[in-house]
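Reproduced below: structure03.tsv, with TSV, C-alpha atoms.
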```tsv
chain	number	residue	atom	x	y	z
M	1	MET	CA	0.00	0.00	0.00
M	2	ASN	CA	1.27	3.47	-0.90
M	3	MET	CA	2.24	5.45	2.21
M	4	THR	CA	0.34	8.46	0.86
M	5	ASP	CA	-2.77	6.77	-0.49
M	6	LEU	CA	-4.98	8.89	1.85
M	7	GLY	CA	-7.37	5.95	2.15
M	8	ARG	CA	-6.93	5.27	5.87
M	9	PRO	CA	-9.22	7.75	7.66
M	10	ARG	CA	-9.21	5.99	11.05
M	11	GLU	CA	-5.42	5.95	11.09
M	12	GLY	CA	-5.34	9.61	10.02
M	13	VAL	CA	-7.67	10.58	12.88
M	14	MET	CA	-5.57	8.58	15.36
M	15	TRP	CA	-2.34	10.29	14.31
M	16	MET	CA	-4.02	13.70	14.41
M	17	VAL	CA	-5.31	13.03	17.93
M	18	LEU	CA	-1.78	12.11	19.04
M	19	SER	CA	-0.44	15.24	17.34
M	20	GLY	CA	-2.94	17.42	19.20
M	21	LEU	CA	-2.07	15.81	22.53
M	22	SER	CA	1.63	16.42	21.86
M	23	PHE	CA	1.08	20.11	21.14
M	24	VAL	CA	-1.16	20.50	24.19
M	25	GLY	CA	1.76	19.04	26.15
M	26	VAL	CA	4.02	21.74	24.69
M	27	ASN	CA	1.56	24.49	25.60
M	28	GLY	CA	0.95	23.15	29.10
M	29	ILE	CA	4.63	22.81	29.98
M	30	VAL	CA	5.51	26.29	28.70
M	31	ARG	CA	2.56	27.67	30.67
M	32	TYR	CA	3.80	25.80	33.76
M	33	LEU	CA	7.33	27.21	33.41
M	34	GLY	CA	5.77	30.68	33.41
M	35	THR	CA	7.91	33.80	33.43
M	36	ASP	CA	10.84	32.51	35.50
M	37	LEU	CA	12.89	32.30	32.31
M	38	PRO	CA	12.85	35.08	29.67
M	39	ALA	CA	10.98	34.13	26.50
M	40	ALA	CA	14.15	34.32	24.36
M	41	GLN	CA	16.04	31.99	26.70
M	42	SER	CA	13.21	29.45	26.96
M	43	ALA	CA	12.77	29.44	23.19
M	44	PHE	CA	16.51	29.10	22.56
M	45	LEU	CA	16.83	26.13	24.92
M	46	ARG	CA	13.80	24.42	23.36
M	47	PHE	CA	15.22	24.72	19.82
M	48	ALA	CA	18.76	23.91	20.94
M	49	PHE	CA	17.47	20.58	22.25
M	50	GLY	CA	15.83	20.07	18.86
M	51	VAL	CA	19.17	20.59	17.11
M	52	VAL	CA	20.79	18.11	19.51
M	53	PHE	CA	18.17	15.53	18.54
M	54	LEU	CA	18.92	16.16	14.84
M	55	ALA	CA	22.72	16.43	15.16
M	56	PRO	CA	23.53	12.85	14.00
M	57	VAL	CA	21.77	13.32	10.65
M	58	LEU	CA	22.26	17.06	10.02
M	59	PRO	CA	25.51	16.94	7.97
M	60	GLY	CA	24.06	14.59	5.39
M	61	MET	CA	20.76	16.46	5.20
M	62	LEU	CA	22.34	19.85	4.56
M	63	ARG	CA	24.81	18.76	1.89
M	64	GLY	CA	24.30	20.23	-1.60
M	65	LEU	CA	21.82	23.03	-0.81
M	66	SER	CA	21.73	25.82	-3.40
M	67	GLY	CA	22.45	29.47	-2.66
M	68	GLN	CA	18.80	30.34	-3.33
M	69	ALA	CA	17.63	27.73	-0.84
M	70	LEU	CA	20.07	28.94	1.80
M	71	ALA	CA	18.85	32.53	1.39
M	72	LEU	CA	15.23	31.44	1.77
M	73	PHE	CA	16.14	29.34	4.81
M	74	ALA	CA	17.77	32.40	6.36
M	75	TRP	CA	14.70	34.59	5.78
M	76	ARG	CA	12.44	31.86	7.10
M	77	GLY	CA	14.65	31.64	10.17
M	78	VAL	CA	14.17	35.37	10.80
M	79	ALA	CA	10.37	35.12	10.53
M	80	HIS	CA	10.16	31.96	12.62
M	81	THR	CA	12.48	33.36	15.29
M	82	ILE	CA	10.24	36.39	15.78
M	83	ALA	CA	7.14	34.17	15.82
M	84	VAL	CA	8.65	31.86	18.44
M	85	LEU	CA	9.60	34.81	20.66
M	86	PHE	CA	6.05	36.12	20.50
M	87	TRP	CA	4.64	32.63	21.17
M	88	PHE	CA	6.77	31.88	24.22
M	89	TYR	CA	5.98	35.33	25.64
M	90	ALA	CA	2.24	34.79	25.12
M	91	MET	CA	2.09	31.23	26.45
M	92	ALA	CA	3.49	32.29	29.83
M	93	ARG	CA	0.90	35.06	30.24
M	94	ILE	CA	-2.49	34.06	28.84
M	95	PRO	CA	-4.77	31.01	29.38
M	96	VAL	CA	-3.81	27.90	27.42
M	97	ALA	CA	-7.20	27.82	25.65
M	98	HIS	CA	-6.87	31.46	24.55
M	99	ALA	CA	-3.45	30.81	23.04
M	100	THR	CA	-4.70	27.68	21.26
M	101	ALA	CA	-7.78	29.39	19.81
M	102	ILE	CA	-5.81	32.40	18.56
M	103	GLY	CA	-3.28	30.01	17.04
M	104	TYR	CA	-6.06	28.66	14.81
M	105	LEU	CA	-5.75	31.91	12.86
M	106	ASN	CA	-2.59	30.65	11.12
M	107	PRO	CA	-4.37	28.92	8.19
M	108	VAL	CA	-6.74	31.90	7.88
M	109	LEU	CA	-3.80	34.25	7.53
M	110	MET	CA	-2.33	31.83	4.98
M	111	LEU	CA	-5.47	32.18	2.86
M	112	ILE	CA	-5.14	35.97	2.92
M	113	ALA	CA	-1.38	35.94	2.32
M	114	GLY	CA	-1.76	33.41	-0.49
M	115	ALA	CA	-4.14	35.77	-2.29
M	116	VAL	CA	-2.19	39.00	-1.65
M	117	ILE	CA	1.40	37.78	-1.97
M	118	LEU	CA	1.22	34.60	-4.06
M	119	HIS	CA	-1.74	35.79	-6.18
M	120	GLU	CA	-3.68	32.62	-5.48
M	121	PRO	CA	-7.41	32.79	-6.34
M	122	LEU	CA	-9.62	34.10	-3.52
M	123	SER	CA	-13.06	32.66	-4.22
M	124	VAL	CA	-16.30	33.79	-2.62
M	125	ARG	CA	-16.29	30.80	-0.26
M	126	ARG	CA	-12.76	31.65	0.85
M	127	ILE	CA	-13.75	35.26	1.51
M	128	MET	CA	-16.74	34.04	3.53
M	129	ALA	CA	-14.54	31.59	5.45
M	130	VAL	CA	-12.06	34.34	6.30
M	131	ALA	CA	-14.91	36.59	7.48
M	132	VAL	CA	-16.38	33.85	9.71
M	133	ALA	CA	-12.95	33.01	11.12
M	134	LEU	CA	-12.20	36.65	11.92
M	135	ILE	CA	-15.57	36.95	13.67
M	136	GLY	CA	-14.59	33.84	15.63
M	137	ALA	CA	-11.32	35.51	16.60
M	138	LEU	CA	-13.21	38.59	17.81
M	139	ILE	CA	-15.45	36.33	19.91
M	140	VAL	CA	-12.34	34.78	21.48
M	141	LEU	CA	-10.71	38.14	22.19
M	142	ARG	CA	-13.87	40.20	22.85
M	143	PRO	CA	-12.04	43.56	22.86
M	144	GLY	CA	-13.83	46.06	25.07
M	145	VAL	CA	-15.57	43.26	27.00
M	146	GLN	CA	-12.56	41.51	28.52
M	147	ALA	CA	-9.17	42.98	29.27
M	148	LEU	CA	-6.61	42.22	26.58
M	149	ASN	CA	-3.00	42.15	27.67
M	150	MET	CA	0.33	41.98	25.88
M	151	GLY	CA	0.05	38.20	25.90
M	152	HIS	CA	-3.00	38.26	23.62
M	153	LEU	CA	-1.36	40.77	21.27
M	154	SER	CA	1.83	38.72	21.31
M	155	GLN	CA	-0.06	35.57	20.28
M	156	ILE	CA	-1.62	37.47	17.38
M	157	GLY	CA	1.86	38.62	16.39
M	158	ALA	CA	3.05	35.03	16.59
M	159	SER	CA	0.30	33.95	14.19
M	160	VAL	CA	1.31	36.67	11.71
M	161	PHE	CA	4.99	35.73	11.72
M	162	PHE	CA	4.26	31.99	11.67
M	163	CYS	CA	2.26	32.72	8.53
M	164	GLY	CA	5.33	34.42	7.04
M	165	SER	CA	7.45	31.42	7.98
M	166	TYR	CA	5.01	29.03	6.30
M	167	LEU	CA	5.07	31.13	3.12
M	168	PHE	CA	8.85	30.71	2.94
M	169	ALA	CA	8.40	27.00	3.68
M	170	LYS	CA	5.93	26.73	0.82
M	171	ARG	CA	8.48	28.27	-1.55
M	172	LEU	CA	11.19	25.93	-0.23
M	173	THR	CA	9.18	22.77	-0.95
M	174	GLY	CA	10.39	22.98	-4.55
M	175	LEU	CA	14.05	23.27	-3.48
M	176	ALA	CA	14.47	20.84	-0.57
M	177	SER	CA	12.84	17.83	1.06
M	178	ALA	CA	10.43	18.16	3.98
M	179	SER	CA	12.96	16.71	6.42
M	180	VAL	CA	15.60	19.25	5.36
M	181	ILE	CA	13.11	22.12	5.68
M	182	VAL	CA	12.23	21.08	9.24
M	183	ALA	CA	15.90	20.56	10.17
M	184	MET	CA	16.96	23.94	8.77
M	185	MET	CA	14.15	25.62	10.69
M	186	SER	CA	15.57	24.25	13.94
M	187	VAL	CA	19.11	25.32	13.03
M	188	THR	CA	18.28	28.84	11.85
M	189	VAL	CA	15.93	29.57	14.74
M	190	THR	CA	18.52	28.37	17.26
M	191	ILE	CA	21.12	30.65	15.66
M	192	GLY	CA	18.68	33.57	15.60
M	193	LEU	CA	17.71	33.13	19.24
M	194	ALA	CA	21.26	32.63	20.55
M	195	PRO	CA	22.30	36.32	20.85
M	196	LEU	CA	18.90	37.29	22.27
M	197	ALA	CA	19.06	34.49	24.83
M	198	TRP	CA	22.62	35.51	25.81
M	199	TRP	CA	21.46	39.11	26.27
M	200	VAL	CA	18.76	38.20	28.81
M	201	TRP	CA	20.31	35.01	30.23
M	202	VAL	CA	19.44	34.08	33.81
M	203	PRO	CA	20.53	31.01	35.80
M	204	VAL	CA	18.59	27.92	34.74
M	205	THR	CA	17.87	24.88	36.91
M	206	TRP	CA	18.18	21.25	35.91
M	207	ALA	CA	14.41	20.90	36.32
M	208	GLN	CA	13.80	23.72	33.83
M	209	LEU	CA	16.24	22.14	31.38
M	210	GLY	CA	14.44	18.83	31.76
M	211	TRP	CA	11.04	20.37	31.10
M	212	LEU	CA	12.33	22.22	28.02
M	213	ALA	CA	13.84	18.99	26.71
M	214	ILE	CA	10.40	17.40	27.07
M	215	VAL	CA	8.91	20.40	25.22
M	216	ALA	CA	11.32	19.75	22.35
M	217	GLY	CA	10.38	16.08	22.35
M	218	CYS	CA	6.65	16.84	22.40
M	219	ALA	CA	7.01	19.33	19.54
M	220	THR	CA	8.96	16.81	17.46
M	221	SER	CA	6.34	14.15	18.22
M	222	GLY	CA	3.54	16.56	17.29
M	223	HIS	CA	5.04	17.35	13.88
M	224	TYR	CA	5.81	13.68	13.21
M	225	CYS	CA	2.27	12.56	14.09
M	226	MET	CA	0.79	15.36	11.98
M	227	THR	CA	2.87	14.24	8.99
M	228	ARG	CA	1.67	10.67	9.44
M	229	ALA	CA	-1.92	11.92	9.63
M	230	PHE	CA	-1.54	13.85	6.37
M	231	ARG	CA	-0.17	10.72	4.69
M	232	ALA	CA	-3.00	8.52	5.91
M	233	ALA	CA	-6.10	10.65	5.28
M	234	PRO	CA	-7.15	13.82	3.43
M	235	LEU	CA	-7.36	17.17	5.21
M	236	THR	CA	-11.14	16.97	5.11
M	237	VAL	CA	-10.82	14.11	7.62
M	238	THR	CA	-7.94	15.38	9.76
M	239	GLN	CA	-8.74	19.12	9.92
M	240	PRO	CA	-11.87	18.89	12.14
M	241	VAL	CA	-9.94	16.76	14.65
M	242	THR	CA	-7.78	19.78	15.50
M	243	PHE	CA	-10.73	21.24	17.42
M	244	LEU	CA	-10.13	18.56	20.05
M	245	THR	CA	-6.86	20.37	20.82
M	246	LEU	CA	-8.88	23.33	22.06
M	247	ILE	CA	-10.98	21.05	24.27
M	248	TRP	CA	-7.87	19.49	25.77
M	249	ALA	CA	-6.20	22.88	26.18
M	250	THR	CA	-9.29	24.11	28.04
M	251	LEU	CA	-9.17	21.06	30.34
M	252	VAL	CA	-5.45	21.52	30.99
M	253	GLY	CA	-5.99	25.18	31.84
M	254	ALA	CA	-8.92	24.42	34.14
M	255	LEU	CA	-7.45	21.38	35.94
M	256	LEU	CA	-3.80	22.40	36.25
M	257	PHE	CA	-3.85	26.20	36.29
M	258	ASP	CA	-7.31	27.01	37.67
M	259	GLU	CA	-8.21	28.91	34.48
M	260	ALA	CA	-11.90	29.55	33.98
M	261	VAL	CA	-13.64	27.60	31.21
M	262	ASP	CA	-14.63	30.29	28.71
M	263	VAL	CA	-17.55	29.24	26.50
M	264	PHE	CA	-16.85	32.14	24.15
M	265	VAL	CA	-13.32	30.85	23.52
M	266	LEU	CA	-14.77	27.44	22.60
M	267	LEU	CA	-17.39	29.07	20.36
M	268	GLY	CA	-14.89	31.34	18.62
M	269	GLY	CA	-12.42	28.48	18.17
M	270	ALA	CA	-15.16	26.30	16.70
M	271	MET	CA	-16.04	29.06	14.20
M	272	ILE	CA	-12.41	29.41	13.10
M	273	ILE	CA	-11.89	25.66	12.70
M	274	GLY	CA	-15.31	25.28	11.05
M	275	ALA	CA	-14.48	27.96	8.47
M	276	ILE	CA	-11.11	26.41	7.62
M	277	THR	CA	-12.63	22.91	7.46
M	278	PHE	CA	-15.34	24.14	5.07
M	279	VAL	CA	-12.76	25.65	2.70
M	280	THR	CA	-10.61	22.52	2.90
M	281	TRP	CA	-13.61	20.28	2.16
M	282	LYS	CA	-14.75	22.38	-0.83
M	283	ASP	CA	-11.22	22.64	-2.25
M	284	GLU	CA	-10.72	18.88	-1.92
M	285	ALA	CA	-14.06	18.25	-3.63
M	286	ALA	CA	-13.06	20.58	-6.49
M	287	ARG	CA	-9.70	18.81	-6.89
M	288	GLY	CA	-11.41	15.43	-6.89
M	289	GLN	CA	-13.80	16.58	-9.60
M	290	ALA	CA	-10.91	17.93	-11.67
M	291	ARG	CA	-9.04	14.62	-11.35
M	292	ARG	CA	-12.12	12.67	-12.40
M	293	GLY	CA	-12.60	15.03	-15.33
M	294	GLY	CA	-8.98	14.51	-16.33
M	295	VAL	CA	-9.38	10.74	-16.28
M	296	GLN	CA	-12.55	10.92	-18.35
M	297	GLY	CA	-10.88	13.31	-20.79
M	298	GLY	CA	-7.99	10.89	-21.16
M	299	LEU	CA	-10.39	8.01	-21.88
M	300	ASP	CA	-12.23	10.10	-24.47
M	301	ALA	CA	-8.93	11.02	-26.15
M	302	GLU	CA	-7.93	7.35	-26.33
M	303	ALA	CA	-11.28	6.49	-27.94
M	304	LEU	CA	-10.90	9.20	-30.58
M	305	ARG	CA	-7.41	8.04	-31.52
M	306	GLY	CA	-8.85	4.63	-32.48
M	307	ASP	CA	-5.61	2.70	-31.92
```
Would you mind writing the file's structure down as structure tokens?
Amino acid sequence: MNMTDLGRPREGVMWMVLSGLSFVGVNGIVRYLGTDLPAAQSAFLRFAFGVVFLAPVLPGMLRGLSGQALALFAWRGVAHTIAVLFWFYAMARIPVAHATAIGYLNPVLMLIAGAVILHEPLSVRRIMAVAVALIGALIVLRPGVQALNMGHLSQIGASVFFCGSYLFAKRLTGLASASVIVAMMSVTVTIGLAPLAWWVWVPVTWAQLGWLAIVAGCATSGHYCMTRAFRAAPLTVTQPVTFLTLIWATLVGALLFDEAVDVFVLLGGAMIIGAITFVTWKDEAARGQARRGGVQGGLDAEALRGD
């Protein structure tokens, strides 16, 4: 069986569930560590552990990269470094569920950026999905109703710069393999964070190092499980499962950090995920129809040739 046949929905859902649990683990641990370590130092240590994990295979992976690819990797490293700084700052200051729900904006921003920067078509359904998702974000944030702090604004900033990072990654897919793109992200972000971490460095305990090593392991596990999910089932199957991450994040916040369960955060998060799932489903249906049309066209052409 082809590893990317997309015909294993149950397996895809299972891997996506495991991916969500891994990322909730990342969020919960960073929330637990709080503000004892500066955001730049925490982020640097997390990515440094990632580079350590990759060290045995890095030399072979990075051999033969073109100058164009290296330049794009560098720019992606800048965008991802800024995004990570914003994310670590936000996670230590706002409820886990808030951070998770706002993070759902990443694919929405990708739709907008794809239309504005990459000149991808922005259909009516995509415009409607963006509008619904933005309304969902407003329901989560409720400016003027609840107090917004720098953590909320920082998480929004993280989503914006993660979007920029993903745009560079999309361009790099034609120049390097997925494993190289992930490895170079870890290397460039670690390099970018190093001087910032040195600037604000404070003594770190063995317990903090241990927790950050677990964060790196959970993040690696999350990305691995997500990749397996994408290989096993189409996005129309795996995308809705990501809403479970918000449920788990809400439970982690309530049970471990005494954070109030906010129904509006769940509602807004559901609207964002629902909008993205709708677009994904419609796009997949359109691609399926185009493929079927191509097959039928090929059969008709063979019949006309008469040989």
*Determine, counting only C-alpha atoms, which protein, DNA and RNA residues have an atom within 6 Å of an atom of segment 14-26 of chain M; residues of the same chain fewer than 3 positions away are not included. Present the result as a count of residues only.*
10
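If all atoms listed in the file are the atoms counted, then among M:Asn27, M:Gln239, M:Ser42, M:Gln155 the closest residue to Ala90 of chain M is M:Gln155.
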Using all atoms listed in the file, which residues of segment 131-249 of chain M come within 10 Å of segment 117-126 of chain M, and what is the closest atom pair for each, with the distance in Å to one decimal? Give it as CSV, sorted by chain and residue number.
```
residue,atom,partner,partner_atom,distance
M:Ala131,CA,M:Arg126,CA,8.5
M:Val132,CA,M:Arg126,CA,9.8
M:Leu167,CA,M:Leu118,CA,8.9
M:Arg171,CA,M:Leu118,CA,10.0
```
_Gap from atom CA of Ala92 of chain M to atom CA of Trp211 of chain M - Å, one decimal_ = 14.2 Å
Neighbourhood query: residues within 12 Å of (1.3, 32.1, 34.1), file coordinates, counting all atoms listed in the file; return as a PDB file with C-alpha atoms, in the coordinates of the input.
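Just written: point00.pdb:
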```pdb
ATOM      1  CA  ASN M  27       1.560  24.490  25.600  1.00  0.00           C
ATOM      2  CA  GLY M  28       0.950  23.150  29.100  1.00  0.00           C
ATOM      3  CA  ILE M  29       4.630  22.810  29.980  1.00  0.00           C
ATOM      4  CA  VAL M  30       5.510  26.290  28.700  1.00  0.00           C
ATOM      5  CA  ARG M  31       2.560  27.670  30.670  1.00  0.00           C
ATOM      6  CA  TYR M  32       3.800  25.800  33.760  1.00  0.00           C
ATOM      7  CA  LEU M  33       7.330  27.210  33.410  1.00  0.00           C
ATOM      8  CA  GLY M  34       5.770  30.680  33.410  1.00  0.00           C
ATOM      9  CA  THR M  35       7.910  33.800  33.430  1.00  0.00           C
ATOM     10  CA  ASP M  36      10.840  32.510  35.500  1.00  0.00           C
ATOM     11  CA  LEU M  37      12.890  32.300  32.310  1.00  0.00           C
ATOM     12  CA  PHE M  88       6.770  31.880  24.220  1.00  0.00           C
ATOM     13  CA  TYR M  89       5.980  35.330  25.640  1.00  0.00           C
ATOM     14  CA  ALA M  90       2.240  34.790  25.120  1.00  0.00           C
ATOM     15  CA  MET M  91       2.090  31.230  26.450  1.00  0.00           C
ATOM     16  CA  ALA M  92       3.490  32.290  29.830  1.00  0.00           C
ATOM     17  CA  ARG M  93       0.900  35.060  30.240  1.00  0.00           C
ATOM     18  CA  ILE M  94      -2.490  34.060  28.840  1.00  0.00           C
ATOM     19  CA  PRO M  95      -4.770  31.010  29.380  1.00  0.00           C
ATOM     20  CA  VAL M  96      -3.810  27.900  27.420  1.00  0.00           C
ATOM     21  CA  GLY M 151       0.050  38.200  25.900  1.00  0.00           C
ATOM     22  CA  GLY M 253      -5.990  25.180  31.840  1.00  0.00           C
ATOM     23  CA  LEU M 256      -3.800  22.400  36.250  1.00  0.00           C
ATOM     24  CA  PHE M 257      -3.850  26.200  36.290  1.00  0.00           C
ATOM     25  CA  ASP M 258      -7.310  27.010  37.670  1.00  0.00           C
ATOM     26  CA  GLU M 259      -8.210  28.910  34.480  1.00  0.00           C
TER      27      GLU M 259
END
```
*Tell me which of M:Ala79, M:Val189, M:Ile127, M:Val202 sits closest to Ala48 of chain M, counting all atoms listed in the file.*
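Looking only at the distances to Ala48 of chain M, the closest residue turns out to be M:Val189.
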*One-decimal distance in Å that lies between atom CA of Arg46 of chain M and atom CA of Thr81 of chain M*: 12.1 Å
